[in-house]
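J.: protein18.cif is the file, holding mmCIF, C-alpha atoms (C1' of nucleotides):
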```
data_start
loop_
_atom_site.group_PDB
_atom_site.id
_atom_site.type_symbol
_atom_site.label_atom_id
_atom_site.label_comp_id
_atom_site.auth_asym_id
_atom_site.auth_seq_id
_atom_site.Cartn_x
_atom_site.Cartn_y
_atom_site.Cartn_z
ATOM 1 C CA MET A 606 -9.406 -1.298 31.078
ATOM 2 C CA LYS A 607 -9.081 -4.330 28.895
ATOM 3 C CA ARG A 608 -7.793 -4.346 25.330
ATOM 4 C CA CYS A 609 -11.164 -5.012 23.719
ATOM 5 C CA ASP A 610 -12.755 -2.218 25.715
ATOM 6 C CA LYS A 611 -10.026 0.133 24.553
ATOM 7 C CA LEU A 612 -10.578 -0.804 20.931
ATOM 8 C CA LEU A 613 -14.309 -0.190 21.264
ATOM 9 C CA ALA A 614 -13.729 3.093 23.087
ATOM 10 C CA LEU A 615 -11.250 4.195 20.440
ATOM 11 C CA TYR A 616 -13.832 3.671 17.727
ATOM 12 C CA GLY A 617 -16.336 5.756 19.659
ATOM 13 C CA ARG A 618 -13.894 8.622 20.054
ATOM 14 C CA LEU A 619 -12.800 8.570 16.426
ATOM 15 C CA LEU A 620 -16.398 8.548 15.223
ATOM 16 C CA ALA A 621 -17.313 11.392 17.554
ATOM 17 C CA ALA A 622 -14.287 13.398 16.426
ATOM 18 C CA TYR A 623 -14.545 12.969 12.670
ATOM 19 C CA GLY A 624 -17.982 11.575 11.863
ATOM 20 C CA PRO A 625 -18.724 8.835 9.296
ATOM 21 C CA GLN A 626 -16.160 8.754 6.464
ATOM 22 C CA LYS A 627 -18.403 7.047 3.902
ATOM 23 C CA TRP A 628 -15.733 4.868 2.344
ATOM 24 C CA TRP A 629 -15.006 3.564 -0.295
ATOM 25 C CA PRO A 630 -15.326 6.518 -2.698
ATOM 26 C CA ALA A 631 -16.420 4.616 -5.825
ATOM 27 C CA GLU A 632 -19.446 4.117 -8.059
ATOM 28 C CA SER A 633 -19.151 0.345 -8.365
ATOM 29 C CA ALA A 634 -17.566 -2.713 -6.795
ATOM 30 C CA PHE A 635 -15.256 -3.017 -9.781
ATOM 31 C CA GLU A 636 -14.079 0.540 -9.289
ATOM 32 C CA VAL A 637 -13.203 -0.344 -5.684
ATOM 33 C CA ILE A 638 -11.154 -3.303 -6.865
ATOM 34 C CA VAL A 639 -9.221 -1.230 -9.384
ATOM 35 C CA GLY A 640 -8.663 1.518 -6.810
ATOM 36 C CA ALA A 641 -7.387 -0.994 -4.258
ATOM 37 C CA VAL A 642 -4.515 -1.960 -6.561
ATOM 38 C CA LEU A 643 -3.786 1.549 -7.794
ATOM 39 C CA THR A 644 -3.556 2.992 -4.272
ATOM 40 C CA GLN A 645 -0.718 0.684 -3.200
ATOM 41 C CA ASN A 646 1.885 2.965 -1.618
ATOM 42 C CA THR A 647 0.308 5.908 -3.402
ATOM 43 C CA ASN A 648 -1.573 9.069 -2.493
ATOM 44 C CA TRP A 649 -5.298 8.720 -3.189
ATOM 45 C CA LYS A 650 -5.374 11.920 -5.255
ATOM 46 C CA ASN A 651 -3.048 10.353 -7.811
ATOM 47 C CA VAL A 652 -5.302 7.310 -7.923
ATOM 48 C CA GLU A 653 -8.364 9.462 -8.609
ATOM 49 C CA MET A 654 -6.696 10.930 -11.672
ATOM 50 C CA ALA A 655 -5.984 7.450 -12.999
ATOM 51 C CA ILE A 656 -9.538 6.245 -12.312
ATOM 52 C CA SER A 657 -10.909 9.319 -14.081
ATOM 53 C CA ARG A 658 -8.875 8.530 -17.160
ATOM 54 C CA LEU A 659 -10.184 4.976 -17.205
ATOM 55 C CA LYS A 660 -13.737 6.294 -16.873
ATOM 56 C CA ASP A 661 -13.301 8.946 -19.558
ATOM 57 C CA THR A 662 -12.006 6.361 -22.005
ATOM 58 C CA GLY A 663 -14.825 3.981 -21.085
ATOM 59 C CA LEU A 664 -12.393 1.285 -19.976
ATOM 60 C CA LEU A 665 -13.394 0.921 -16.332
ATOM 61 C CA GLU A 666 -15.045 -2.453 -16.885
ATOM 62 C CA LEU A 667 -13.743 -5.957 -16.366
ATOM 63 C CA GLU A 668 -13.958 -7.059 -20.010
ATOM 64 C CA ASN A 669 -12.213 -3.933 -21.235
ATOM 65 C CA ILE A 670 -9.278 -4.214 -18.852
ATOM 66 C CA VAL A 671 -8.861 -7.873 -19.764
ATOM 67 C CA ALA A 672 -8.776 -6.989 -23.464
ATOM 68 C CA LEU A 673 -6.441 -4.016 -23.031
ATOM 69 C CA PRO A 674 -2.681 -4.549 -23.668
ATOM 70 C CA VAL A 675 -0.585 -3.967 -20.515
ATOM 71 C CA ASP A 676 1.432 -1.129 -22.009
ATOM 72 C CA GLU A 677 -1.711 0.776 -22.954
ATOM 73 C CA LEU A 678 -3.132 0.202 -19.481
ATOM 74 C CA ALA A 679 0.150 1.399 -17.944
ATOM 75 C CA GLU A 680 -0.053 4.628 -19.926
ATOM 76 C CA LEU A 681 -3.601 5.293 -18.685
ATOM 77 C CA ILE A 682 -2.810 4.734 -15.006
ATOM 78 C CA LYS A 683 0.517 6.581 -15.077
ATOM 79 C CA SER A 684 -0.546 9.162 -12.505
ATOM 80 C CA SER A 685 -0.861 6.512 -9.808
ATOM 81 C CA GLY A 686 2.863 5.754 -9.931
ATOM 82 C CA PHE A 687 4.514 2.327 -10.260
ATOM 83 C CA PHE A 688 2.446 2.126 -13.428
ATOM 84 C CA ASN A 689 4.245 -0.779 -15.107
ATOM 85 C CA VAL A 690 3.931 -2.940 -12.015
ATOM 86 C CA LYS A 691 0.352 -1.920 -11.315
ATOM 87 C CA ALA A 692 -0.744 -2.502 -14.907
ATOM 88 C CA LYS A 693 0.529 -6.057 -14.602
ATOM 89 C CA ARG A 694 -1.169 -6.529 -11.242
ATOM 90 C CA LEU A 695 -4.466 -5.210 -12.538
ATOM 91 C CA LYS A 696 -4.252 -7.573 -15.503
ATOM 92 C CA ASN A 697 -3.537 -10.492 -13.174
ATOM 93 C CA LEU A 698 -6.510 -9.655 -10.966
ATOM 94 C CA CYS A 699 -8.935 -8.965 -13.800
ATOM 95 C CA GLY A 700 -7.835 -12.040 -15.723
ATOM 96 C CA TRP A 701 -8.537 -14.159 -12.679
ATOM 97 C CA LEU A 702 -11.947 -12.536 -12.106
ATOM 98 C CA GLN A 703 -12.856 -13.173 -15.737
ATOM 99 C CA SER A 704 -11.751 -16.813 -15.531
ATOM 100 C CA GLN A 705 -13.988 -17.346 -12.503
ATOM 101 C CA GLY A 706 -17.056 -15.946 -14.226
ATOM 102 C CA GLY A 707 -16.849 -12.328 -13.076
ATOM 103 C CA LEU A 708 -17.675 -10.367 -9.947
ATOM 104 C CA ASP A 709 -21.130 -11.776 -9.370
ATOM 105 C CA ALA A 710 -19.838 -15.332 -9.502
ATOM 106 C CA VAL A 711 -17.078 -14.931 -6.917
ATOM 107 C CA ALA A 712 -19.406 -12.828 -4.751
ATOM 108 C CA THR A 713 -21.202 -16.078 -3.846
ATOM 109 C CA TRP A 714 -18.027 -17.589 -2.381
ATOM 110 C CA ASP A 715 -17.491 -17.731 1.356
ATOM 111 C CA THR A 716 -15.040 -15.169 2.740
ATOM 112 C CA GLY A 717 -12.231 -17.615 3.524
ATOM 113 C CA ARG A 718 -12.194 -19.104 0.050
ATOM 114 C CA LEU A 719 -12.346 -15.686 -1.586
ATOM 115 C CA ARG A 720 -9.510 -14.315 0.573
ATOM 116 C CA ARG A 721 -7.226 -17.260 -0.150
ATOM 117 C CA ALA A 722 -7.915 -16.962 -3.863
ATOM 118 C CA LEU A 723 -7.139 -13.235 -3.884
ATOM 119 C CA LEU A 724 -3.882 -13.792 -1.966
ATOM 120 C CA GLY A 725 -2.883 -16.338 -4.603
ATOM 121 C CA ILE A 726 -2.850 -13.658 -7.291
ATOM 122 C CA ASN A 727 0.542 -12.057 -7.918
ATOM 123 C CA GLY A 728 0.424 -8.465 -6.741
ATOM 124 C CA ILE A 729 -2.373 -8.926 -4.210
ATOM 125 C CA GLY A 730 -1.113 -8.958 -0.613
ATOM 126 C CA PRO A 731 -3.084 -9.044 2.657
ATOM 127 C CA GLU A 732 -3.999 -5.367 2.770
ATOM 128 C CA THR A 733 -5.137 -5.136 -0.842
ATOM 129 C CA ALA A 734 -7.069 -8.396 -0.524
ATOM 130 C CA ASP A 735 -8.836 -7.108 2.575
ATOM 131 C CA ASP A 736 -9.595 -3.751 0.935
ATOM 132 C CA ILE A 737 -11.378 -5.724 -1.754
ATOM 133 C CA LEU A 738 -13.146 -8.063 0.671
ATOM 134 C CA LEU A 739 -14.409 -5.259 2.917
ATOM 135 C CA TYR A 740 -15.151 -2.451 0.490
ATOM 136 C CA ALA A 741 -16.080 -4.302 -2.709
ATOM 137 C CA PHE A 742 -17.612 -7.528 -1.357
ATOM 138 C CA GLU A 743 -18.806 -6.082 1.947
ATOM 139 C CA ARG A 744 -17.354 -8.822 4.129
ATOM 140 C CA PRO A 745 -16.584 -8.150 7.819
ATOM 141 C CA VAL A 746 -12.796 -8.349 7.414
ATOM 142 C CA PHE A 747 -10.641 -5.913 9.406
ATOM 143 C CA ILE A 748 -7.913 -4.156 7.404
ATOM 144 C CA ILE A 749 -4.504 -3.675 9.002
ATOM 145 C CA ASP A 750 -2.258 -0.950 7.628
ATOM 146 C CA ASN A 751 0.764 0.960 8.905
ATOM 147 C CA TYR A 752 -1.454 3.642 10.423
ATOM 148 C CA THR A 753 -3.309 1.000 12.419
ATOM 149 C CA ARG A 754 -0.015 -0.511 13.600
ATOM 150 C CA CYS A 755 1.329 2.858 14.602
ATOM 151 C CA LEU A 756 -1.792 3.909 16.449
ATOM 152 C CA LEU A 757 -1.939 0.674 18.451
ATOM 153 C CA LYS A 758 1.735 0.974 19.265
ATOM 154 C CA ASN A 759 1.349 4.535 20.467
ATOM 155 C CA MET A 760 -1.598 3.452 22.583
ATOM 156 C CA GLU A 761 0.649 0.694 23.929
ATOM 157 C CA LEU A 762 -1.891 -1.945 22.952
ATOM 158 C CA ILE A 763 0.744 -3.851 20.999
ATOM 159 C CA GLN A 764 4.524 -4.100 20.902
ATOM 160 C CA GLY A 765 4.728 -3.456 17.185
ATOM 161 C CA LYS A 766 6.270 -6.685 15.996
ATOM 162 C CA GLU A 767 3.005 -8.571 15.592
ATOM 163 C CA ASP A 768 2.289 -9.780 12.066
ATOM 164 C CA TYR A 769 -0.709 -8.909 9.902
ATOM 165 C CA ASN A 770 -2.906 -11.907 10.712
ATOM 166 C CA ASN A 771 -2.193 -11.546 14.401
ATOM 167 C CA LEU A 772 -3.398 -7.925 14.512
ATOM 168 C CA GLN A 773 -6.379 -8.739 12.331
ATOM 169 C CA ARG A 774 -7.455 -11.502 14.708
ATOM 170 C CA MET A 775 -7.085 -9.092 17.607
ATOM 171 C CA PHE A 776 -9.632 -6.705 16.113
ATOM 172 C CA GLU A 777 -11.956 -9.409 14.873
ATOM 173 C CA ALA A 778 -11.950 -11.098 18.287
ATOM 174 C CA CYS A 779 -12.907 -7.831 20.003
ATOM 175 C CA LEU A 780 -15.456 -6.465 17.562
ATOM 176 C CA PRO A 781 -18.738 -7.948 16.339
ATOM 177 C CA PRO A 782 -18.465 -9.109 12.686
ATOM 178 C CA ASP A 783 -20.226 -6.025 11.415
ATOM 179 C CA ASN A 784 -19.269 -4.938 7.904
ATOM 180 C CA GLY A 785 -20.407 -1.368 8.501
ATOM 181 C CA LEU A 786 -18.372 -1.110 11.702
ATOM 182 C CA TYR A 787 -15.165 -2.394 10.077
ATOM 183 C CA ASN A 788 -15.756 -0.108 7.120
ATOM 184 C CA GLU A 789 -15.920 3.016 9.262
ATOM 185 C CA TYR A 790 -13.263 1.979 11.750
ATOM 186 C CA HIS A 791 -10.506 1.542 9.173
ATOM 187 C CA ALA A 792 -11.491 4.740 7.367
ATOM 188 C CA LEU A 793 -11.448 6.652 10.649
ATOM 189 C CA ILE A 794 -7.973 5.384 11.523
ATOM 190 C CA VAL A 795 -6.698 6.646 8.170
ATOM 191 C CA ARG A 796 -8.513 9.936 8.619
ATOM 192 C CA HIS A 797 -7.051 10.390 12.089
ATOM 193 C CA ALA A 798 -3.537 9.657 10.852
ATOM 194 C CA LYS A 799 -3.857 12.207 8.056
ATOM 195 C CA GLU A 800 -5.245 14.748 10.484
ATOM 196 C CA ARG A 801 -2.280 14.332 12.800
ATOM 197 C CA CYS A 802 0.263 14.293 10.005
ATOM 198 C CA THR A 803 -0.789 17.520 8.316
ATOM 199 C CA HIS A 804 1.905 20.157 8.727
ATOM 200 C CA ASP A 805 3.824 17.889 11.059
ATOM 201 C CA SER A 806 7.304 17.232 9.738
ATOM 202 C CA ARG A 807 7.956 14.645 12.446
ATOM 203 C CA CYS A 808 5.082 12.524 11.210
ATOM 204 C CA ARG A 809 6.540 9.932 8.877
ATOM 205 C CA HIS A 810 4.955 6.982 7.138
ATOM 206 C CA CYS A 811 4.515 5.273 10.481
ATOM 207 C CA GLY A 812 4.704 8.350 12.651
ATOM 208 C CA VAL A 813 1.195 8.813 13.942
ATOM 209 C CA GLU A 814 1.331 10.480 17.333
ATOM 210 C CA ALA A 815 -0.701 9.761 20.406
ATOM 211 C CA PRO A 816 -4.429 9.287 19.772
ATOM 212 C CA ILE A 817 -7.197 11.703 20.607
ATOM 213 C "C1'" DA B 598 15.023 20.283 -3.754
ATOM 214 C "C1'" DC B 599 13.386 16.970 -0.833
ATOM 215 C "C1'" DC B 600 9.721 13.771 1.112
ATOM 216 C "C1'" DC B 601 6.194 10.600 0.939
ATOM 217 C "C1'" DA B 602 1.588 8.660 -0.263
ATOM 218 C "C1'" DG B 603 -4.673 4.181 1.814
ATOM 219 C "C1'" DG B 604 1.952 -2.129 -0.546
ATOM 220 C "C1'" DG B 605 3.909 -6.172 -2.617
ATOM 221 C "C1'" DT B 606 7.492 -9.044 -4.564
ATOM 222 C "C1'" DC B 607 11.831 -10.810 -4.992
ATOM 223 C "C1'" DA B 608 16.710 -11.519 -3.792
ATOM 224 C "C1'" DT B 609 19.784 -12.059 -0.303
ATOM 225 C "C1'" DA B 610 21.896 -13.689 4.381
ATOM 226 C "C1'" DT C 420 12.379 -14.818 9.197
ATOM 227 C "C1'" DA C 421 14.079 -10.476 8.393
ATOM 228 C "C1'" DT C 422 15.741 -6.536 6.184
ATOM 229 C "C1'" DG C 423 16.668 -4.097 1.616
ATOM 230 C "C1'" DA C 424 15.973 -2.883 -3.251
ATOM 231 C "C1'" DC C 425 12.771 -1.953 -6.418
ATOM 232 C "C1'" DC C 426 8.787 -0.037 -8.633
ATOM 233 C "C1'" DA C 427 8.128 5.783 -10.263
ATOM 234 C "C1'" DT C 428 4.293 9.813 -10.410
ATOM 235 C "C1'" DG C 429 2.417 14.081 -8.445
ATOM 236 C "C1'" DG C 430 1.683 17.379 -4.665
ATOM 237 C "C1'" DG C 431 3.341 19.689 -0.548
#
```
In structure tokens, write the structure found in this file.

T.:
Amino acid sequence: MKRCDKLLALYGRLLAAYGPQKWWPAESAFEVIVGAVLTQNTNWKNVEMAISRLKDTGLLELENIVALPVDELAELIKSSGFFNVKAKRLKNLCGWLQSQGGLDAVATWDTGRLRRALLGINGIGPETADDILLYAFERPVFIIDNYTRCLLKNMELIQGKEDYNNLQRMFEACLPPDNGLYNEYHALIVRHAKERCTHDSRCRHCGVEAPI
DNA sequence: ACCCAGGGTCATA
DNA sequence: TATGACCATGGG
């Protein structure tokens, strides 16, 4: 069985096992973007608390974040951890969005241009940029995270030393450029990892065991 | 009382 | 280019 066939088969098994995950849990594209930064190395539950606070205070809008002082923003997102760093990163991202004319303006850009621009912002790395591209702008960009790495390694589809772009190309070369497919696939990999890690003390950050 | 969660940057060698 | 330190809360 070839590598591409295995990747397609894996998706089928994950979908059959867990069903559609309906990511990203958010009411707007802007909420996705904020969540993508807040969830960096952080449990999603802690991010939800921070997002709720921004909603309750009516600040979950581009103009409001841009106008908000960093220390006040940091206080509001405290529950997501790394709050001083993340407040700065959110300000960087929102300031850039504002300078480009807002979400609707950059939404007209082609995917390559948009990705390069996002990666140029301090605090936005490959995974966060791709979260935004896939889940906020609905582009067929495959997200690589540590769970994905671990799963592929356990399946012996990779050695483990491949870099981000390399693994991303692997998926994108095997799968049709379907936004809905990439959306579900990444969410299912995360779901599977969490499923396997529950009550398993051996399961560390990159400790996903053999796949279904 | 640990351990880690849907990462990224910067300094060092 | 490759590790390591750092950021720092909340839930198990």

J.: Take CA of Ile729 in chain A and CA of Arg694 in chain A and report the distance between them in Å, one decimal.

T.: 7.5 Å

J.: Where does chain A meet chain C within 9 Å, residue by residue, with the nearest atom pair and distance in Å to one decimal for each, counting all atoms listed in the file, listed by chain and rising number, as a Markdown table?

T.:
```
| residue | atom | partner | partner_atom | distance |
| --- | --- | --- | --- | --- |
| A:Thr647 | CA | C:DT428 | C1' | 9.0 |
| A:Asn648 | CA | C:DG429 | C1' | 8.7 |
| A:Lys650 | CA | C:DG429 | C1' | 8.7 |
| A:Asn651 | CA | C:DG429 | C1' | 6.6 |
| A:Lys683 | CA | C:DT428 | C1' | 6.8 |
| A:Ser684 | CA | C:DT428 | C1' | 5.3 |
| A:Ser685 | CA | C:DT428 | C1' | 6.2 |
| A:Gly686 | CA | C:DT428 | C1' | 4.3 |
| A:Phe687 | CA | C:DA427 | C1' | 5.0 |
| A:Phe688 | CA | C:DA427 | C1' | 7.5 |
| A:Asn689 | CA | C:DC426 | C1' | 7.9 |
| A:Val690 | CA | C:DC426 | C1' | 6.6 |
```

J.: List the residues matched by the PyMOL selection byres ((chain B) within 12 of (chain A)) in the displayed structure as a PyMOL selection string, ordered by chain and then by residue number.

T.: chain B and resi 600-607

J.: Interatomic distance between CA of Tyr790 in chain A and CA of Pro625 in chain A?

T.: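 Distance between the two atoms: 9.1 Å.
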
J.: Kindly resolve the PyMOL selection byres ((chain A and resi 712) around 12) on the present coordinates and return the residues as a list in words.

T.: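 Applying the expression gives Ala634, Phe635, Leu702, Gln705, Gly706, Gly707, Leu708, Asp709, Ala710, Val711, Thr713, Trp714, Asp715, Thr716, Gly717, Arg718, Leu719, Arg720, Ile737, Leu738, Leu739, Ala741, Phe742, Glu743 and Arg744 of chain A.
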
J.: Can you work out the spacing between CA of Val652 in chain A and CA of Ile749 in chain A in Å, to one decimal?

T.: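 Between CA of Val652 in chain A and CA of Ile749 in chain A the gap is 20.2 Å.
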
J.: Give me, as a PyMOL selection string, all polymer residues having an atom no more than 7 Å from range 772-775 of chain A, counting all atoms listed in the file and skipping those fewer than 5 positions away in the same chain.

T.: chain A and resi 747-749+767

J.: Residue by residue, what does the PyMOL selection byres ((chain A and resi 658) around 12) grab here? Present the result as a PyMOL selection string.

T.: chain A and resi 651-657+659-665+678-685

J.: Around all the atoms of range 763-772 of chain A listed in the file, with 4 Å of room on each side, what axis-aligned box do you get, giving centre and edge lengths in Å to one decimal, as AutoDock Vina command-line options?

T.:
```
--center_x 1.4 --center_y -7.7 --center_z 15.5 --size_x 17.7 --size_y 16.5 --size_z 19.1
```

J.: Applying 12 Å and all atoms listed in the file, which residues near Ala622 in chain A remain after dropping the ones on its own chain fewer than 3 positions away? List them as a list of chain:residue names.

T.: A:Leu615, A:Tyr616, A:Gly617, A:Arg618, A:Leu619, A:Pro625, A:Gln626, A:Leu793, A:Ile794, A:Arg796, A:His797, A:Glu800, A:Pro816, A:Ile817

J.: Keeping C-alpha atoms for every residue in the selection just given, could you write it to a file as a short mmCIF file (atom, residue, chain, number, x, y, z; two decimals), in the frame of the given file?

T.:
```cif
data_model
loop_
_atom_site.label_atom_id
_atom_site.label_comp_id
_atom_site.auth_asym_id
_atom_site.auth_seq_id
_atom_site.Cartn_x
_atom_site.Cartn_y
_atom_site.Cartn_z
CA LEU A 615 -11.25 4.20 20.44
CA TYR A 616 -13.83 3.67 17.73
CA GLY A 617 -16.34 5.76 19.66
CA ARG A 618 -13.89 8.62 20.05
CA LEU A 619 -12.80 8.57 16.43
CA PRO A 625 -18.72 8.84 9.30
CA GLN A 626 -16.16 8.75 6.46
CA LEU A 793 -11.45 6.65 10.65
CA ILE A 794 -7.97 5.38 11.52
CA ARG A 796 -8.51 9.94 8.62
CA HIS A 797 -7.05 10.39 12.09
CA GLU A 800 -5.24 14.75 10.48
CA PRO A 816 -4.43 9.29 19.77
CA ILE A 817 -7.20 11.70 20.61
#
```

J.: Some atoms are missing, so please complete range 766-795 of chain A with N, CA and C atoms and return it as a PDB file, in the frame of the given file.

T.:
```pdb
ATOM      1  N   LYS A 766       5.658  -5.662  16.829  1.00  0.00           N
ATOM      2  CA  LYS A 766       6.270  -6.685  15.996  1.00  0.00           C
ATOM      3  C   LYS A 766       5.258  -7.735  15.529  1.00  0.00           C
ATOM      4  N   GLU A 767       4.025  -7.597  15.973  1.00  0.00           N
ATOM      5  CA  GLU A 767       3.005  -8.571  15.592  1.00  0.00           C
ATOM      6  C   GLU A 767       2.764  -8.554  14.080  1.00  0.00           C
ATOM      7  N   ASP A 768       2.506  -9.725  13.512  1.00  0.00           N
ATOM      8  CA  ASP A 768       2.289  -9.780  12.066  1.00  0.00           C
ATOM      9  C   ASP A 768       0.843  -9.441  11.716  1.00  0.00           C
ATOM     10  N   TYR A 769       0.587  -9.356  10.418  1.00  0.00           N
ATOM     11  CA  TYR A 769      -0.709  -8.909   9.902  1.00  0.00           C
ATOM     12  C   TYR A 769      -1.877  -9.733  10.456  1.00  0.00           C
ATOM     13  N   ASN A 770      -1.789 -11.045  10.296  1.00  0.00           N
ATOM     14  CA  ASN A 770      -2.906 -11.907  10.712  1.00  0.00           C
ATOM     15  C   ASN A 770      -3.175 -11.826  12.207  1.00  0.00           C
ATOM     16  N   ASN A 771      -2.103 -11.670  12.957  1.00  0.00           N
ATOM     17  CA  ASN A 771      -2.193 -11.546  14.401  1.00  0.00           C
ATOM     18  C   ASN A 771      -3.021 -10.311  14.790  1.00  0.00           C
ATOM     19  N   LEU A 772      -2.679  -9.167  14.198  1.00  0.00           N
ATOM     20  CA  LEU A 772      -3.398  -7.925  14.512  1.00  0.00           C
ATOM     21  C   LEU A 772      -4.839  -8.001  14.018  1.00  0.00           C
ATOM     22  N   GLN A 773      -5.027  -8.604  12.863  1.00  0.00           N
ATOM     23  CA  GLN A 773      -6.379  -8.739  12.331  1.00  0.00           C
ATOM     24  C   GLN A 773      -7.253  -9.573  13.269  1.00  0.00           C
ATOM     25  N   ARG A 774      -6.705 -10.659  13.772  1.00  0.00           N
ATOM     26  CA  ARG A 774      -7.455 -11.502  14.708  1.00  0.00           C
ATOM     27  C   ARG A 774      -7.798 -10.741  15.979  1.00  0.00           C
ATOM     28  N   MET A 775      -6.859  -9.870  16.399  1.00  0.00           N
ATOM     29  CA  MET A 775      -7.085  -9.092  17.607  1.00  0.00           C
ATOM     30  C   MET A 775      -8.347  -8.240  17.464  1.00  0.00           C
ATOM     31  N   PHE A 776      -8.451  -7.531  16.348  1.00  0.00           N
ATOM     32  CA  PHE A 776      -9.632  -6.705  16.113  1.00  0.00           C
ATOM     33  C   PHE A 776     -10.884  -7.555  15.972  1.00  0.00           C
ATOM     34  N   GLU A 777     -10.772  -8.610  15.175  1.00  0.00           N
ATOM     35  CA  GLU A 777     -11.956  -9.409  14.873  1.00  0.00           C
ATOM     36  C   GLU A 777     -12.447 -10.181  16.093  1.00  0.00           C
ATOM     37  N   ALA A 778     -11.542 -10.411  17.055  1.00  0.00           N
ATOM     38  CA  ALA A 778     -11.950 -11.098  18.287  1.00  0.00           C
ATOM     39  C   ALA A 778     -12.648 -10.127  19.238  1.00  0.00           C
ATOM     40  N   CYS A 779     -12.343  -8.841  19.100  1.00  0.00           N
ATOM     41  CA  CYS A 779     -12.907  -7.831  20.003  1.00  0.00           C
ATOM     42  C   CYS A 779     -14.198  -7.226  19.483  1.00  0.00           C
ATOM     43  N   LEU A 780     -14.318  -7.155  18.165  1.00  0.00           N
ATOM     44  CA  LEU A 780     -15.456  -6.465  17.562  1.00  0.00           C
ATOM     45  C   LEU A 780     -16.462  -7.445  16.967  1.00  0.00           C
ATOM     46  N   PRO A 781     -17.736  -7.104  17.007  1.00  0.00           N
ATOM     47  CA  PRO A 781     -18.738  -7.948  16.339  1.00  0.00           C
ATOM     48  C   PRO A 781     -18.469  -7.944  14.832  1.00  0.00           C
ATOM     49  N   PRO A 782     -18.753  -9.025  14.127  1.00  0.00           N
ATOM     50  CA  PRO A 782     -18.465  -9.109  12.686  1.00  0.00           C
ATOM     51  C   PRO A 782     -19.423  -8.254  11.874  1.00  0.00           C
ATOM     52  N   ASP A 783     -19.310  -6.974  12.053  1.00  0.00           N
ATOM     53  CA  ASP A 783     -20.226  -6.025  11.415  1.00  0.00           C
ATOM     54  C   ASP A 783     -19.496  -5.283  10.291  1.00  0.00           C
ATOM     55  N   ASN A 784     -19.907  -5.540   9.074  1.00  0.00           N
ATOM     56  CA  ASN A 784     -19.269  -4.938   7.904  1.00  0.00           C
ATOM     57  C   ASN A 784     -19.235  -3.413   7.986  1.00  0.00           C
ATOM     58  N   GLY A 785     -20.340  -2.820   8.415  1.00  0.00           N
ATOM     59  CA  GLY A 785     -20.407  -1.368   8.501  1.00  0.00           C
ATOM     60  C   GLY A 785     -19.449  -0.804   9.540  1.00  0.00           C
ATOM     61  N   LEU A 786     -19.297  -1.528  10.636  1.00  0.00           N
ATOM     62  CA  LEU A 786     -18.372  -1.110  11.702  1.00  0.00           C
ATOM     63  C   LEU A 786     -16.924  -1.156  11.214  1.00  0.00           C
ATOM     64  N   TYR A 787     -16.539  -2.246  10.577  1.00  0.00           N
ATOM     65  CA  TYR A 787     -15.165  -2.394  10.077  1.00  0.00           C
ATOM     66  C   TYR A 787     -14.878  -1.352   9.007  1.00  0.00           C
ATOM     67  N   ASN A 788     -15.860  -1.107   8.191  1.00  0.00           N
ATOM     68  CA  ASN A 788     -15.756  -0.108   7.120  1.00  0.00           C
ATOM     69  C   ASN A 788     -15.389   1.257   7.702  1.00  0.00           C
ATOM     70  N   GLU A 789     -16.157   1.706   8.659  1.00  0.00           N
ATOM     71  CA  GLU A 789     -15.920   3.016   9.262  1.00  0.00           C
ATOM     72  C   GLU A 789     -14.644   3.060  10.100  1.00  0.00           C
ATOM     73  N   TYR A 790     -14.407   1.985  10.831  1.00  0.00           N
ATOM     74  CA  TYR A 790     -13.263   1.979  11.750  1.00  0.00           C
ATOM     75  C   TYR A 790     -11.961   2.185  10.993  1.00  0.00           C
ATOM     76  N   HIS A 791     -11.752   1.414   9.946  1.00  0.00           N
ATOM     77  CA  HIS A 791     -10.506   1.542   9.173  1.00  0.00           C
ATOM     78  C   HIS A 791     -10.401   2.939   8.558  1.00  0.00           C
ATOM     79  N   ALA A 792     -11.499   3.411   7.994  1.00  0.00           N
ATOM     80  CA  ALA A 792     -11.491   4.740   7.367  1.00  0.00           C
ATOM     81  C   ALA A 792     -11.173   5.824   8.396  1.00  0.00           C
ATOM     82  N   LEU A 793     -11.689   5.665   9.595  1.00  0.00           N
ATOM     83  CA  LEU A 793     -11.448   6.652  10.649  1.00  0.00           C
ATOM     84  C   LEU A 793      -9.997   6.652  11.101  1.00  0.00           C
ATOM     85  N   ILE A 794      -9.389   5.465  11.143  1.00  0.00           N
ATOM     86  CA  ILE A 794      -7.973   5.384  11.523  1.00  0.00           C
ATOM     87  C   ILE A 794      -7.121   6.131  10.501  1.00  0.00           C
ATOM     88  N   VAL A 795      -7.443   5.953   9.226  1.00  0.00           N
ATOM     89  CA  VAL A 795      -6.698   6.646   8.170  1.00  0.00           C
ATOM     90  C   VAL A 795      -6.933   8.156   8.269  1.00  0.00           C
TER      91      VAL A 795
END
```
